[in-house]
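query_14.pdb (PDB, N, CA and C atoms)
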```pdb
ATOM      1  N   MET I   1     -18.134 -65.427  -5.009
ATOM      2  CA  MET I   1     -17.449 -66.056  -3.894
ATOM      3  C   MET I   1     -16.832 -64.950  -3.046
ATOM      4  N   LYS I   2     -16.906 -65.134  -1.798
ATOM      5  CA  LYS I   2     -16.380 -64.148  -0.867
ATOM      6  C   LYS I   2     -14.901 -63.891  -1.140
ATOM      7  N   ASN I   3     -14.547 -62.615  -1.161
ATOM      8  CA  ASN I   3     -13.167 -62.155  -1.359
ATOM      9  C   ASN I   3     -12.585 -62.489  -2.728
ATOM     10  N   SER I   4     -13.410 -62.766  -3.717
ATOM     11  CA  SER I   4     -12.884 -63.095  -5.046
ATOM     12  C   SER I   4     -12.776 -61.866  -5.950
ATOM     13  N   PHE I   5     -13.395 -60.751  -5.569
ATOM     14  CA  PHE I   5     -13.370 -59.552  -6.408
ATOM     15  C   PHE I   5     -11.964 -58.985  -6.465
ATOM     16  N   LYS I   6     -11.537 -58.635  -7.699
ATOM     17  CA  LYS I   6     -10.253 -57.944  -7.844
ATOM     18  C   LYS I   6     -10.324 -56.971  -9.009
ATOM     19  N   LYS I   7      -9.629 -55.902  -8.848
ATOM     20  CA  LYS I   7      -9.498 -54.888  -9.886
ATOM     21  C   LYS I   7      -8.178 -55.175 -10.587
ATOM     22  N   ILE I   8      -8.252 -55.640 -11.836
ATOM     23  CA  ILE I   8      -7.052 -56.040 -12.576
ATOM     24  C   ILE I   8      -6.282 -54.815 -13.045
ATOM     25  N   ASP I   9      -6.995 -53.830 -13.565
ATOM     26  CA  ASP I   9      -6.415 -52.534 -13.915
ATOM     27  C   ASP I   9      -7.520 -51.493 -13.764
ATOM     28  N   ASP I  10      -7.304 -50.267 -14.212
ATOM     29  CA  ASP I  10      -8.285 -49.195 -14.006
ATOM     30  C   ASP I  10      -9.658 -49.496 -14.596
ATOM     31  N   ARG I  11      -9.707 -50.325 -15.650
ATOM     32  CA  ARG I  11     -10.974 -50.580 -16.332
ATOM     33  C   ARG I  11     -11.381 -52.050 -16.364
ATOM     34  N   THR I  12     -10.660 -52.911 -15.667
ATOM     35  CA  THR I  12     -10.962 -54.337 -15.718
ATOM     36  C   THR I  12     -11.169 -54.891 -14.317
ATOM     37  N   ILE I  13     -12.307 -55.574 -14.129
ATOM     38  CA  ILE I  13     -12.607 -56.210 -12.850
ATOM     39  C   ILE I  13     -12.852 -57.697 -13.073
ATOM     40  N   GLU I  14     -12.673 -58.465 -12.001
ATOM     41  CA  GLU I  14     -12.921 -59.901 -12.072
ATOM     42  C   GLU I  14     -13.472 -60.367 -10.732
ATOM     43  N   PHE I  15     -14.387 -61.318 -10.781
ATOM     44  CA  PHE I  15     -14.927 -61.928  -9.571
ATOM     45  C   PHE I  15     -15.376 -63.336  -9.916
ATOM     46  N   LYS I  16     -15.648 -64.124  -8.882
ATOM     47  CA  LYS I  16     -16.074 -65.508  -9.083
ATOM     48  C   LYS I  16     -17.376 -65.770  -8.345
ATOM     49  N   ILE I  17     -18.162 -66.646  -8.947
ATOM     50  CA  ILE I  17     -19.340 -67.170  -8.273
ATOM     51  C   ILE I  17     -19.193 -68.693  -8.243
ATOM     52  N   LYS I  18     -19.845 -69.336  -7.306
ATOM     53  CA  LYS I  18     -19.693 -70.782  -7.150
ATOM     54  C   LYS I  18     -20.990 -71.497  -7.511
ATOM     55  N   ASN I  19     -20.870 -72.551  -8.301
ATOM     56  CA  ASN I  19     -22.015 -73.374  -8.699
ATOM     57  C   ASN I  19     -22.397 -74.296  -7.541
ATOM     58  N   MET I  20     -23.577 -74.048  -6.975
ATOM     59  CA  MET I  20     -24.068 -74.881  -5.877
ATOM     60  C   MET I  20     -25.318 -75.666  -6.283
ATOM     61  N   GLU I  21     -25.586 -75.734  -7.597
ATOM     62  CA  GLU I  21     -26.821 -76.353  -8.078
ATOM     63  C   GLU I  21     -26.654 -77.771  -8.612
ATOM     64  N   GLY I  22     -25.538 -78.085  -9.262
ATOM     65  CA  GLY I  22     -25.370 -79.427  -9.812
ATOM     66  C   GLY I  22     -24.398 -79.428 -10.982
ATOM     67  N   SER I  23     -24.075 -80.605 -11.474
ATOM     68  CA  SER I  23     -23.173 -80.773 -12.609
ATOM     69  C   SER I  23     -23.982 -81.013 -13.874
ATOM     70  N   ALA I  24     -23.629 -80.294 -14.949
ATOM     71  CA  ALA I  24     -24.380 -80.462 -16.198
ATOM     72  C   ALA I  24     -23.733 -79.664 -17.321
ATOM     73  N   ARG I  25     -24.176 -79.936 -18.526
ATOM     74  CA  ARG I  25     -23.905 -79.078 -19.672
ATOM     75  C   ARG I  25     -25.154 -78.216 -19.776
ATOM     76  N   VAL I  26     -24.990 -76.916 -19.625
ATOM     77  CA  VAL I  26     -26.131 -76.012 -19.599
ATOM     78  C   VAL I  26     -26.034 -74.985 -20.717
ATOM     79  N   ASN I  27     -27.182 -74.463 -21.087
ATOM     80  CA  ASN I  27     -27.239 -73.346 -22.025
ATOM     81  C   ASN I  27     -27.764 -72.172 -21.207
ATOM     82  N   ILE I  28     -26.952 -71.105 -21.138
ATOM     83  CA  ILE I  28     -27.293 -69.974 -20.281
ATOM     84  C   ILE I  28     -27.273 -68.659 -21.051
ATOM     85  N   SER I  29     -27.932 -67.682 -20.475
ATOM     86  CA  SER I  29     -27.901 -66.309 -20.975
ATOM     87  C   SER I  29     -27.606 -65.410 -19.773
ATOM     88  N   PRO I  30     -26.306 -65.126 -19.518
ATOM     89  CA  PRO I  30     -25.957 -64.320 -18.356
ATOM     90  C   PRO I  30     -26.012 -62.816 -18.636
ATOM     91  N   SER I  31     -26.291 -62.050 -17.597
ATOM     92  CA  SER I  31     -26.244 -60.590 -17.640
ATOM     93  C   SER I  31     -25.497 -60.117 -16.399
ATOM     94  N   ILE I  32     -24.647 -59.112 -16.566
ATOM     95  CA  ILE I  32     -23.852 -58.583 -15.460
ATOM     96  C   ILE I  32     -24.074 -57.084 -15.384
ATOM     97  N   TYR I  33     -24.328 -56.607 -14.170
ATOM     98  CA  TYR I  33     -24.588 -55.190 -13.941
ATOM     99  C   TYR I  33     -23.629 -54.650 -12.884
ATOM    100  N   LEU I  34     -23.139 -53.447 -13.112
ATOM    101  CA  LEU I  34     -22.304 -52.739 -12.145
ATOM    102  C   LEU I  34     -22.998 -51.423 -11.836
ATOM    103  N   ASP I  35     -23.385 -51.255 -10.590
ATOM    104  CA  ASP I  35     -24.092 -50.042 -10.156
ATOM    105  C   ASP I  35     -25.304 -49.757 -11.045
ATOM    106  N   GLY I  36     -26.023 -50.815 -11.433
ATOM    107  CA  GLY I  36     -27.230 -50.678 -12.235
ATOM    108  C   GLY I  36     -27.009 -50.573 -13.734
ATOM    109  N   ASN I  37     -25.758 -50.498 -14.185
ATOM    110  CA  ASN I  37     -25.443 -50.402 -15.617
ATOM    111  C   ASN I  37     -25.065 -51.774 -16.169
ATOM    112  N   ASP I  38     -25.665 -52.150 -17.279
ATOM    113  CA  ASP I  38     -25.394 -53.435 -17.917
ATOM    114  C   ASP I  38     -23.984 -53.422 -18.515
ATOM    115  N   ILE I  39     -23.106 -54.295 -18.011
ATOM    116  CA  ILE I  39     -21.732 -54.392 -18.510
ATOM    117  C   ILE I  39     -21.486 -55.737 -19.201
ATOM    118  N   SER I  40     -22.566 -56.434 -19.542
ATOM    119  CA  SER I  40     -22.460 -57.762 -20.156
ATOM    120  C   SER I  40     -21.659 -57.754 -21.451
ATOM    121  N   ALA I  41     -21.832 -56.709 -22.272
ATOM    122  CA  ALA I  41     -21.182 -56.659 -23.592
ATOM    123  C   ALA I  41     -19.660 -56.697 -23.492
ATOM    124  N   GLY I  42     -19.095 -56.173 -22.420
ATOM    125  CA  GLY I  42     -17.643 -56.175 -22.255
ATOM    126  C   GLY I  42     -17.158 -57.254 -21.316
ATOM    127  N   SER I  43     -17.968 -58.302 -21.128
ATOM    128  CA  SER I  43     -17.652 -59.324 -20.131
ATOM    129  C   SER I  43     -17.336 -60.675 -20.748
ATOM    130  N   THR I  44     -16.549 -61.450 -20.008
ATOM    131  CA  THR I  44     -16.198 -62.816 -20.387
ATOM    132  C   THR I  44     -16.438 -63.719 -19.188
ATOM    133  N   VAL I  45     -16.538 -65.007 -19.442
ATOM    134  CA  VAL I  45     -16.791 -65.989 -18.395
ATOM    135  C   VAL I  45     -15.890 -67.204 -18.612
ATOM    136  N   SER I  46     -15.492 -67.839 -17.497
ATOM    137  CA  SER I  46     -14.644 -69.016 -17.583
ATOM    138  C   SER I  46     -14.939 -69.977 -16.449
ATOM    139  N   THR I  47     -14.986 -71.258 -16.766
ATOM    140  CA  THR I  47     -15.077 -72.279 -15.728
ATOM    141  C   THR I  47     -13.741 -72.985 -15.560
ATOM    142  N   LYS I  48     -12.843 -72.718 -16.467
ATOM    143  CA  LYS I  48     -11.506 -73.310 -16.404
ATOM    144  C   LYS I  48     -10.495 -72.162 -16.338
ATOM    145  N   GLU I  49      -9.434 -72.344 -15.619
ATOM    146  CA  GLU I  49      -8.430 -71.284 -15.496
ATOM    147  C   GLU I  49      -7.921 -70.850 -16.864
ATOM    148  N   GLY I  50      -8.129 -69.567 -17.185
ATOM    149  CA  GLY I  50      -7.574 -68.999 -18.416
ATOM    150  C   GLY I  50      -8.409 -69.143 -19.663
ATOM    151  N   ASP I  51      -9.439 -69.994 -19.665
ATOM    152  CA  ASP I  51     -10.257 -70.187 -20.854
ATOM    153  C   ASP I  51     -11.494 -69.301 -20.797
ATOM    154  N   PHE I  52     -11.320 -68.005 -21.065
ATOM    155  CA  PHE I  52     -12.438 -67.069 -21.016
ATOM    156  C   PHE I  52     -13.097 -66.976 -22.384
ATOM    157  N   GLU I  53     -14.437 -66.869 -22.380
ATOM    158  CA  GLU I  53     -15.169 -66.642 -23.621
ATOM    159  C   GLU I  53     -16.182 -65.530 -23.390
ATOM    160  N   ALA I  54     -16.509 -64.819 -24.458
ATOM    161  CA  ALA I  54     -17.410 -63.673 -24.370
ATOM    162  C   ALA I  54     -18.788 -64.080 -23.858
ATOM    163  N   VAL I  55     -19.330 -63.257 -22.969
ATOM    164  CA  VAL I  55     -20.699 -63.451 -22.485
ATOM    165  C   VAL I  55     -21.650 -63.153 -23.638
ATOM    166  N   ARG I  56     -22.601 -64.053 -23.863
ATOM    167  CA  ARG I  56     -23.581 -63.863 -24.931
ATOM    168  C   ARG I  56     -24.844 -64.645 -24.581
ATOM    169  N   LYS I  57     -25.885 -64.371 -25.272
ATOM    170  CA  LYS I  57     -27.132 -65.116 -25.072
ATOM    171  C   LYS I  57     -26.947 -66.534 -25.611
ATOM    172  N   ASN I  58     -27.572 -67.478 -24.966
ATOM    173  CA  ASN I  58     -27.561 -68.882 -25.391
ATOM    174  C   ASN I  58     -26.158 -69.451 -25.539
ATOM    175  N   MET I  59     -25.340 -69.311 -24.504
ATOM    176  CA  MET I  59     -24.006 -69.898 -24.541
ATOM    177  C   MET I  59     -24.002 -71.221 -23.776
ATOM    178  N   ASP I  60     -23.258 -72.191 -24.299
ATOM    179  CA  ASP I  60     -23.146 -73.495 -23.658
ATOM    180  C   ASP I  60     -21.989 -73.476 -22.677
ATOM    181  N   LEU I  61     -22.205 -74.138 -21.533
ATOM    182  CA  LEU I  61     -21.207 -74.153 -20.476
ATOM    183  C   LEU I  61     -21.228 -75.522 -19.813
ATOM    184  N   ASP I  62     -20.069 -76.141 -19.689
ATOM    185  CA  ASP I  62     -19.945 -77.385 -18.934
ATOM    186  C   ASP I  62     -19.523 -76.993 -17.528
ATOM    187  N   ILE I  63     -20.324 -77.385 -16.531
ATOM    188  CA  ILE I  63     -20.078 -76.955 -15.163
ATOM    189  C   ILE I  63     -20.263 -78.114 -14.193
ATOM    190  N   LEU I  64     -19.378 -78.177 -13.204
ATOM    191  CA  LEU I  64     -19.456 -79.205 -12.173
ATOM    192  C   LEU I  64     -19.947 -78.586 -10.871
ATOM    193  N   LEU I  65     -20.616 -79.373 -10.070
ATOM    194  CA  LEU I  65     -21.064 -78.933  -8.767
ATOM    195  C   LEU I  65     -19.855 -78.481  -7.946
ATOM    196  N   GLY I  66     -19.937 -77.312  -7.355
ATOM    197  CA  GLY I  66     -18.848 -76.786  -6.538
ATOM    198  C   GLY I  66     -17.797 -76.018  -7.310
ATOM    199  N   GLU I  67     -17.900 -76.030  -8.632
ATOM    200  CA  GLU I  67     -16.914 -75.344  -9.469
ATOM    201  C   GLU I  67     -17.144 -73.832  -9.456
ATOM    202  N   SER I  68     -16.051 -73.089  -9.534
ATOM    203  CA  SER I  68     -16.122 -71.634  -9.596
ATOM    204  C   SER I  68     -16.296 -71.171 -11.033
ATOM    205  N   ILE I  69     -17.069 -70.112 -11.200
ATOM    206  CA  ILE I  69     -17.238 -69.465 -12.493
ATOM    207  C   ILE I  69     -16.614 -68.087 -12.372
ATOM    208  N   ALA I  70     -15.547 -67.827 -13.137
ATOM    209  CA  ALA I  70     -14.896 -66.520 -13.114
ATOM    210  C   ALA I  70     -15.556 -65.618 -14.142
ATOM    211  N   MET I  71     -15.803 -64.390 -13.739
ATOM    212  CA  MET I  71     -16.388 -63.392 -14.636
ATOM    213  C   MET I  71     -15.457 -62.187 -14.665
ATOM    214  N   ARG I  72     -15.101 -61.784 -15.863
ATOM    215  CA  ARG I  72     -14.187 -60.653 -16.062
ATOM    216  C   ARG I  72     -14.884 -59.635 -16.949
ATOM    217  N   SER I  73     -14.815 -58.364 -16.556
ATOM    218  CA  SER I  73     -15.468 -57.299 -17.315
ATOM    219  C   SER I  73     -14.498 -56.157 -17.592
ATOM    220  N   VAL I  74     -14.485 -55.722 -18.849
ATOM    221  CA  VAL I  74     -13.727 -54.535 -19.240
ATOM    222  C   VAL I  74     -14.742 -53.400 -19.313
ATOM    223  N   LEU I  75     -14.528 -52.395 -18.495
ATOM    224  CA  LEU I  75     -15.462 -51.285 -18.362
ATOM    225  C   LEU I  75     -15.173 -50.178 -19.373
ATOM    226  N   GLU I  76     -16.188 -49.393 -19.683
ATOM    227  CA  GLU I  76     -16.024 -48.285 -20.633
ATOM    228  C   GLU I  76     -15.184 -47.163 -20.051
ATOM    229  N   ARG I  77     -15.218 -47.005 -18.731
ATOM    230  CA  ARG I  77     -14.422 -45.955 -18.077
ATOM    231  C   ARG I  77     -13.841 -46.519 -16.785
ATOM    232  N   PRO I  78     -12.809 -45.887 -16.249
ATOM    233  CA  PRO I  78     -12.181 -46.393 -15.023
ATOM    234  C   PRO I  78     -13.171 -46.518 -13.866
ATOM    235  N   LEU I  79     -12.938 -47.511 -13.028
ATOM    236  CA  LEU I  79     -13.763 -47.746 -11.855
ATOM    237  C   LEU I  79     -13.288 -46.824 -10.732
ATOM    238  N   ASN I  80     -14.164 -45.953 -10.279
ATOM    239  CA  ASN I  80     -13.828 -45.004  -9.223
ATOM    240  C   ASN I  80     -13.700 -45.708  -7.883
ATOM    241  N   PRO I  81     -12.829 -45.195  -7.010
ATOM    242  CA  PRO I  81     -12.740 -45.751  -5.654
ATOM    243  C   PRO I  81     -14.077 -45.599  -4.935
ATOM    244  N   GLY I  82     -14.343 -46.508  -4.029
ATOM    245  CA  GLY I  82     -15.574 -46.455  -3.251
ATOM    246  C   GLY I  82     -16.331 -47.767  -3.303
ATOM    247  N   SER I  83     -17.584 -47.716  -2.899
ATOM    248  CA  SER I  83     -18.445 -48.889  -2.834
ATOM    249  C   SER I  83     -19.211 -49.054  -4.153
ATOM    250  N   HIS I  84     -19.316 -50.288  -4.615
ATOM    251  CA  HIS I  84     -20.008 -50.586  -5.863
ATOM    252  C   HIS I  84     -20.878 -51.824  -5.677
ATOM    253  N   LYS I  85     -21.957 -51.900  -6.454
ATOM    254  CA  LYS I  85     -22.861 -53.046  -6.392
ATOM    255  C   LYS I  85     -22.782 -53.825  -7.701
ATOM    256  N   ILE I  86     -22.576 -55.120  -7.583
ATOM    257  CA  ILE I  86     -22.533 -56.017  -8.742
ATOM    258  C   ILE I  86     -23.744 -56.944  -8.654
ATOM    259  N   LYS I  87     -24.430 -57.082  -9.786
ATOM    260  CA  LYS I  87     -25.587 -57.972  -9.867
ATOM    261  C   LYS I  87     -25.376 -58.895 -11.060
ATOM    262  N   VAL I  88     -25.571 -60.180 -10.841
ATOM    263  CA  VAL I  88     -25.441 -61.182 -11.899
ATOM    264  C   VAL I  88     -26.771 -61.916 -12.012
ATOM    265  N   ILE I  89     -27.283 -61.966 -13.227
ATOM    266  CA  ILE I  89     -28.502 -62.718 -13.502
ATOM    267  C   ILE I  89     -28.146 -63.779 -14.542
ATOM    268  N   ILE I  90     -28.385 -65.029 -14.204
ATOM    269  CA  ILE I  90     -28.090 -66.124 -15.138
ATOM    270  C   ILE I  90     -29.393 -66.827 -15.475
ATOM    271  N   GLY I  91     -29.828 -66.634 -16.705
ATOM    272  CA  GLY I  91     -30.997 -67.346 -17.208
ATOM    273  C   GLY I  91     -30.546 -68.689 -17.756
ATOM    274  N   VAL I  92     -31.079 -69.758 -17.206
ATOM    275  CA  VAL I  92     -30.745 -71.107 -17.676
ATOM    276  C   VAL I  92     -31.825 -71.521 -18.666
ATOM    277  N   ASN I  93     -31.407 -71.843 -19.890
ATOM    278  CA  ASN I  93     -32.323 -72.202 -20.967
ATOM    279  C   ASN I  93     -32.455 -73.708 -21.170
ATOM    280  N   PHE I  94     -31.441 -74.471 -20.750
ATOM    281  CA  PHE I  94     -31.420 -75.913 -20.925
ATOM    282  C   PHE I  94     -30.453 -76.498 -19.915
ATOM    283  N   PRO I  95     -30.695 -77.584 -19.266
ATOM    284  CA  PRO I  95     -31.730 -78.578 -19.459
ATOM    285  C   PRO I  95     -33.049 -78.231 -18.759
ATOM    286  N   LEU I  96     -33.090 -77.179 -17.999
ATOM    287  CA  LEU I  96     -34.331 -76.716 -17.407
ATOM    288  C   LEU I  96     -34.395 -75.205 -17.600
ATOM    289  N   TRP I  97     -35.550 -74.651 -17.372
ATOM    290  CA  TRP I  97     -35.691 -73.219 -17.547
ATOM    291  C   TRP I  97     -35.848 -72.591 -16.171
ATOM    292  N   THR I  98     -34.857 -71.756 -15.780
ATOM    293  CA  THR I  98     -34.900 -71.081 -14.486
ATOM    294  C   THR I  98     -33.969 -69.879 -14.542
ATOM    295  N   THR I  99     -33.989 -69.072 -13.526
ATOM    296  CA  THR I  99     -33.109 -67.906 -13.440
ATOM    297  C   THR I  99     -32.492 -67.855 -12.054
ATOM    298  N   PHE I 100     -31.181 -67.617 -12.025
ATOM    299  CA  PHE I 100     -30.462 -67.414 -10.771
ATOM    300  C   PHE I 100     -30.010 -65.967 -10.732
ATOM    301  N   GLU I 101     -30.133 -65.357  -9.578
ATOM    302  CA  GLU I 101     -29.744 -63.959  -9.436
ATOM    303  C   GLU I 101     -28.950 -63.802  -8.145
ATOM    304  N   LEU I 102     -27.853 -63.049  -8.239
ATOM    305  CA  LEU I 102     -27.092 -62.763  -7.047
ATOM    306  C   LEU I 102     -26.608 -61.329  -7.107
ATOM    307  N   GLU I 103     -26.496 -60.736  -5.935
ATOM    308  CA  GLU I 103     -26.100 -59.336  -5.858
ATOM    309  C   GLU I 103     -25.171 -59.195  -4.659
ATOM    310  N   PHE I 104     -24.102 -58.426  -4.847
ATOM    311  CA  PHE I 104     -23.188 -58.199  -3.742
ATOM    312  C   PHE I 104     -22.509 -56.844  -3.892
ATOM    313  N   LYS I 105     -21.954 -56.356  -2.804
ATOM    314  CA  LYS I 105     -21.253 -55.076  -2.792
ATOM    315  C   LYS I 105     -19.766 -55.318  -2.642
ATOM    316  N   VAL I 106     -18.990 -54.451  -3.309
ATOM    317  CA  VAL I 106     -17.532 -54.503  -3.211
ATOM    318  C   VAL I 106     -17.029 -53.101  -2.917
ATOM    319  N   LYS I 107     -15.868 -53.024  -2.336
ATOM    320  CA  LYS I 107     -15.247 -51.731  -2.078
ATOM    321  C   LYS I 107     -13.907 -51.706  -2.778
ATOM    322  N   VAL I 108     -13.685 -50.648  -3.543
ATOM    323  CA  VAL I 108     -12.445 -50.499  -4.307
ATOM    324  C   VAL I 108     -11.606 -49.426  -3.647
TER     325      VAL I 108
END
```

Whole structure, structure tokens version:
Amino acid sequence: MKNSFKKIDDRTIEFKIKNMEGSARVNISPSIYLDGNDISAGSTVSTKEGDFEAVRKNMDLDILLGESIAMRSVLERPLNPGSHKIKVIIGVNFPLWTTFELEFKVKV
């Protein structure tokens, strides 16, 4: 979502994406990349304020149309000032099989 990116501390970032596809209970396998590096292992996701859970393959998520999905990542090293590229790939495993991909740039 536009203007949702924030740097929580030197090694933690958070941003939101918006569900524009529909309401459902889905099984997903998300991947998050920062400047081409996979940061999924240190990431969490939440559809409800404060209820974050670790990103993993085949995770179940209840999502409503128009709802925001918050993604928070703890990085291995501090995020340097400047421009960065974030890429999110969400593989949907159920109730249908598809992949959503989004990419955007942020400036810290």

Thr12 of chain I environment, 6.5 Å, all atoms listed in the file, sequence neighbours closer than 3 positions dropped, as an NGL selection string
:I and (6-9 or 73-75 or 79)

Taking the file as shown, find all residues satisfying the PyMOL selection byres ((chain I and resi 19) around 7) and write them as a CSV table (one decimal) with N, CA and C atoms, in the coordinates of the input.
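Output below, filename part.csv:
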```csv
chain,number,residue,atom,x,y,z
I,17,ILE,N,-18.2,-66.6,-8.9
I,17,ILE,CA,-19.3,-67.2,-8.3
I,17,ILE,C,-19.2,-68.7,-8.2
I,18,LYS,N,-19.8,-69.3,-7.3
I,18,LYS,CA,-19.7,-70.8,-7.2
I,18,LYS,C,-21.0,-71.5,-7.5
I,20,MET,N,-23.6,-74.0,-7.0
I,20,MET,CA,-24.1,-74.9,-5.9
I,20,MET,C,-25.3,-75.7,-6.3
I,21,GLU,N,-25.6,-75.7,-7.6
I,21,GLU,CA,-26.8,-76.4,-8.1
I,21,GLU,C,-26.7,-77.8,-8.6
I,22,GLY,N,-25.5,-78.1,-9.3
I,22,GLY,CA,-25.4,-79.4,-9.8
I,22,GLY,C,-24.4,-79.4,-11.0
I,64,LEU,N,-19.4,-78.2,-13.2
I,64,LEU,CA,-19.5,-79.2,-12.2
I,64,LEU,C,-19.9,-78.6,-10.9
I,65,LEU,N,-20.6,-79.4,-10.1
I,65,LEU,CA,-21.1,-78.9,-8.8
I,65,LEU,C,-19.9,-78.5,-7.9
I,66,GLY,N,-19.9,-77.3,-7.4
I,66,GLY,CA,-18.8,-76.8,-6.5
I,66,GLY,C,-17.8,-76.0,-7.3
I,67,GLU,N,-17.9,-76.0,-8.6
I,67,GLU,CA,-16.9,-75.3,-9.5
I,67,GLU,C,-17.1,-73.8,-9.5
I,68,SER,N,-16.1,-73.1,-9.5
I,68,SER,CA,-16.1,-71.6,-9.6
I,68,SER,C,-16.3,-71.2,-11.0
I,69,ILE,N,-17.1,-70.1,-11.2
I,69,ILE,CA,-17.2,-69.5,-12.5
I,69,ILE,C,-16.6,-68.1,-12.4
```

Select from segment 56-88 of chain I everything DSSP, run on the backbone, classes as strand (DSSP E), then give the selection as a PyMOL selection string.
chain I and resi 59-63+68-74+83-88

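The environment of segment 32-46 of chain I within 7 Å, counting all atoms listed in the file and disregarding residues fewer than 6 places along the same chain, consists of Phe52, Glu53, Ala54, Val55, Arg56, Ser68, Ile69, Ala70, Met71, Arg72, Ser73, Val74, Leu75, His84, Lys85, Ile86, Lys87, Val88 and Ile89 of chain I.
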
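Here atom CA of Asp60 of chain I stands at a distance of 24.2 Å from atom CA of Phe5 of chain I.
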
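Take atom CA of Pro30 of chain I and atom CA of Pro95 of chain I: the distance between them is 15.4 Å.
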
Two-atom distance - atom N of Pro78 of chain I, atom CA of Lys105 of chain I (Å):
18.4 Å

Evaluate the PyMOL selection byres ((chain I and resi 81) around 6.5) and report residues as a ChimeraX atom specification:
/I:79-80,82-83,107-108

Test item: the PyMOL selection byres ((chain I and resi 28) around 6.5) resolved as a PyMOL selection string
chain I and resi 26-27+29-30+56-61+90-94

Give me the residues near Asp62 of chain I as a PyMOL selection string, where near means some atom within 7 Å (using only N, CA and C atoms) and where sequence neighbours in that chain fewer than 5 positions away do not count.
chain I and resi 24-26+47

May I have the centre and edge lengths, in Å to one decimal, of an axis-aligned box around the listed atoms of segment 24-42 of chain I with 4 Å added to every side, as JSON?
```
{"center_x": -22.5, "center_y": -65.1, "center_z": -16.9, "size_x": 18.8, "size_y": 38.7, "size_z": 21.4}
```

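Residue nearest Glu76 of chain I, chosen from I:Phe15, I:Trp97, I:Asn3, I:Asp10 and counting only C-alpha atoms: I:Asp10.
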
Would you save segment 5-30 of chain I to a file, keeping C-alpha atoms, as a PDB file, in the first residue's frame?
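part.pdb was written with the following content:
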```
ATOM      1  CA  PHE I   5       6.610   1.330   4.449  1.00  0.00           C
ATOM      2  CA  LYS I   6       8.273   2.135   7.758  1.00  0.00           C
ATOM      3  CA  LYS I   7      11.599   1.423   9.343  1.00  0.00           C
ATOM      4  CA  ILE I   8      10.814   0.337  12.913  1.00  0.00           C
ATOM      5  CA  ASP I   9      14.462   0.219  13.993  1.00  0.00           C
ATOM      6  CA  ASP I  10      17.862  -0.267  12.303  1.00  0.00           C
ATOM      7  CA  ARG I  11      17.071  -3.885  11.385  1.00  0.00           C
ATOM      8  CA  THR I  12      13.269  -4.055  11.256  1.00  0.00           C
ATOM      9  CA  ILE I  13      11.007  -2.934   8.416  1.00  0.00           C
ATOM     10  CA  GLU I  14       7.260  -3.135   7.920  1.00  0.00           C
ATOM     11  CA  PHE I  15       4.933  -2.540   4.985  1.00  0.00           C
ATOM     12  CA  LYS I  16       1.393  -3.410   3.943  1.00  0.00           C
ATOM     13  CA  ILE I  17      -0.202  -4.819   0.853  1.00  0.00           C
ATOM     14  CA  LYS I  18      -3.931  -4.743   0.133  1.00  0.00           C
ATOM     15  CA  ASN I  19      -6.069  -7.744  -0.838  1.00  0.00           C
ATOM     16  CA  MET I  20      -7.940  -6.816  -4.014  1.00  0.00           C
ATOM     17  CA  GLU I  21      -8.837 -10.382  -5.049  1.00  0.00           C
ATOM     18  CA  GLY I  22     -11.626 -11.573  -2.732  1.00  0.00           C
ATOM     19  CA  SER I  23     -12.569 -12.918   0.697  1.00  0.00           C
ATOM     20  CA  ALA I  24     -11.550 -16.460   1.620  1.00  0.00           C
ATOM     21  CA  ARG I  25      -9.593 -18.801   3.834  1.00  0.00           C
ATOM     22  CA  VAL I  26      -6.471 -19.395   1.771  1.00  0.00           C
ATOM     23  CA  ASN I  27      -3.354 -21.503   2.022  1.00  0.00           C
ATOM     24  CA  ILE I  28      -0.353 -19.492   0.857  1.00  0.00           C
ATOM     25  CA  SER I  29       3.405 -19.728   0.535  1.00  0.00           C
ATOM     26  CA  PRO I  30       4.780 -16.165   0.638  1.00  0.00           C
TER      27      PRO I  30
END
```
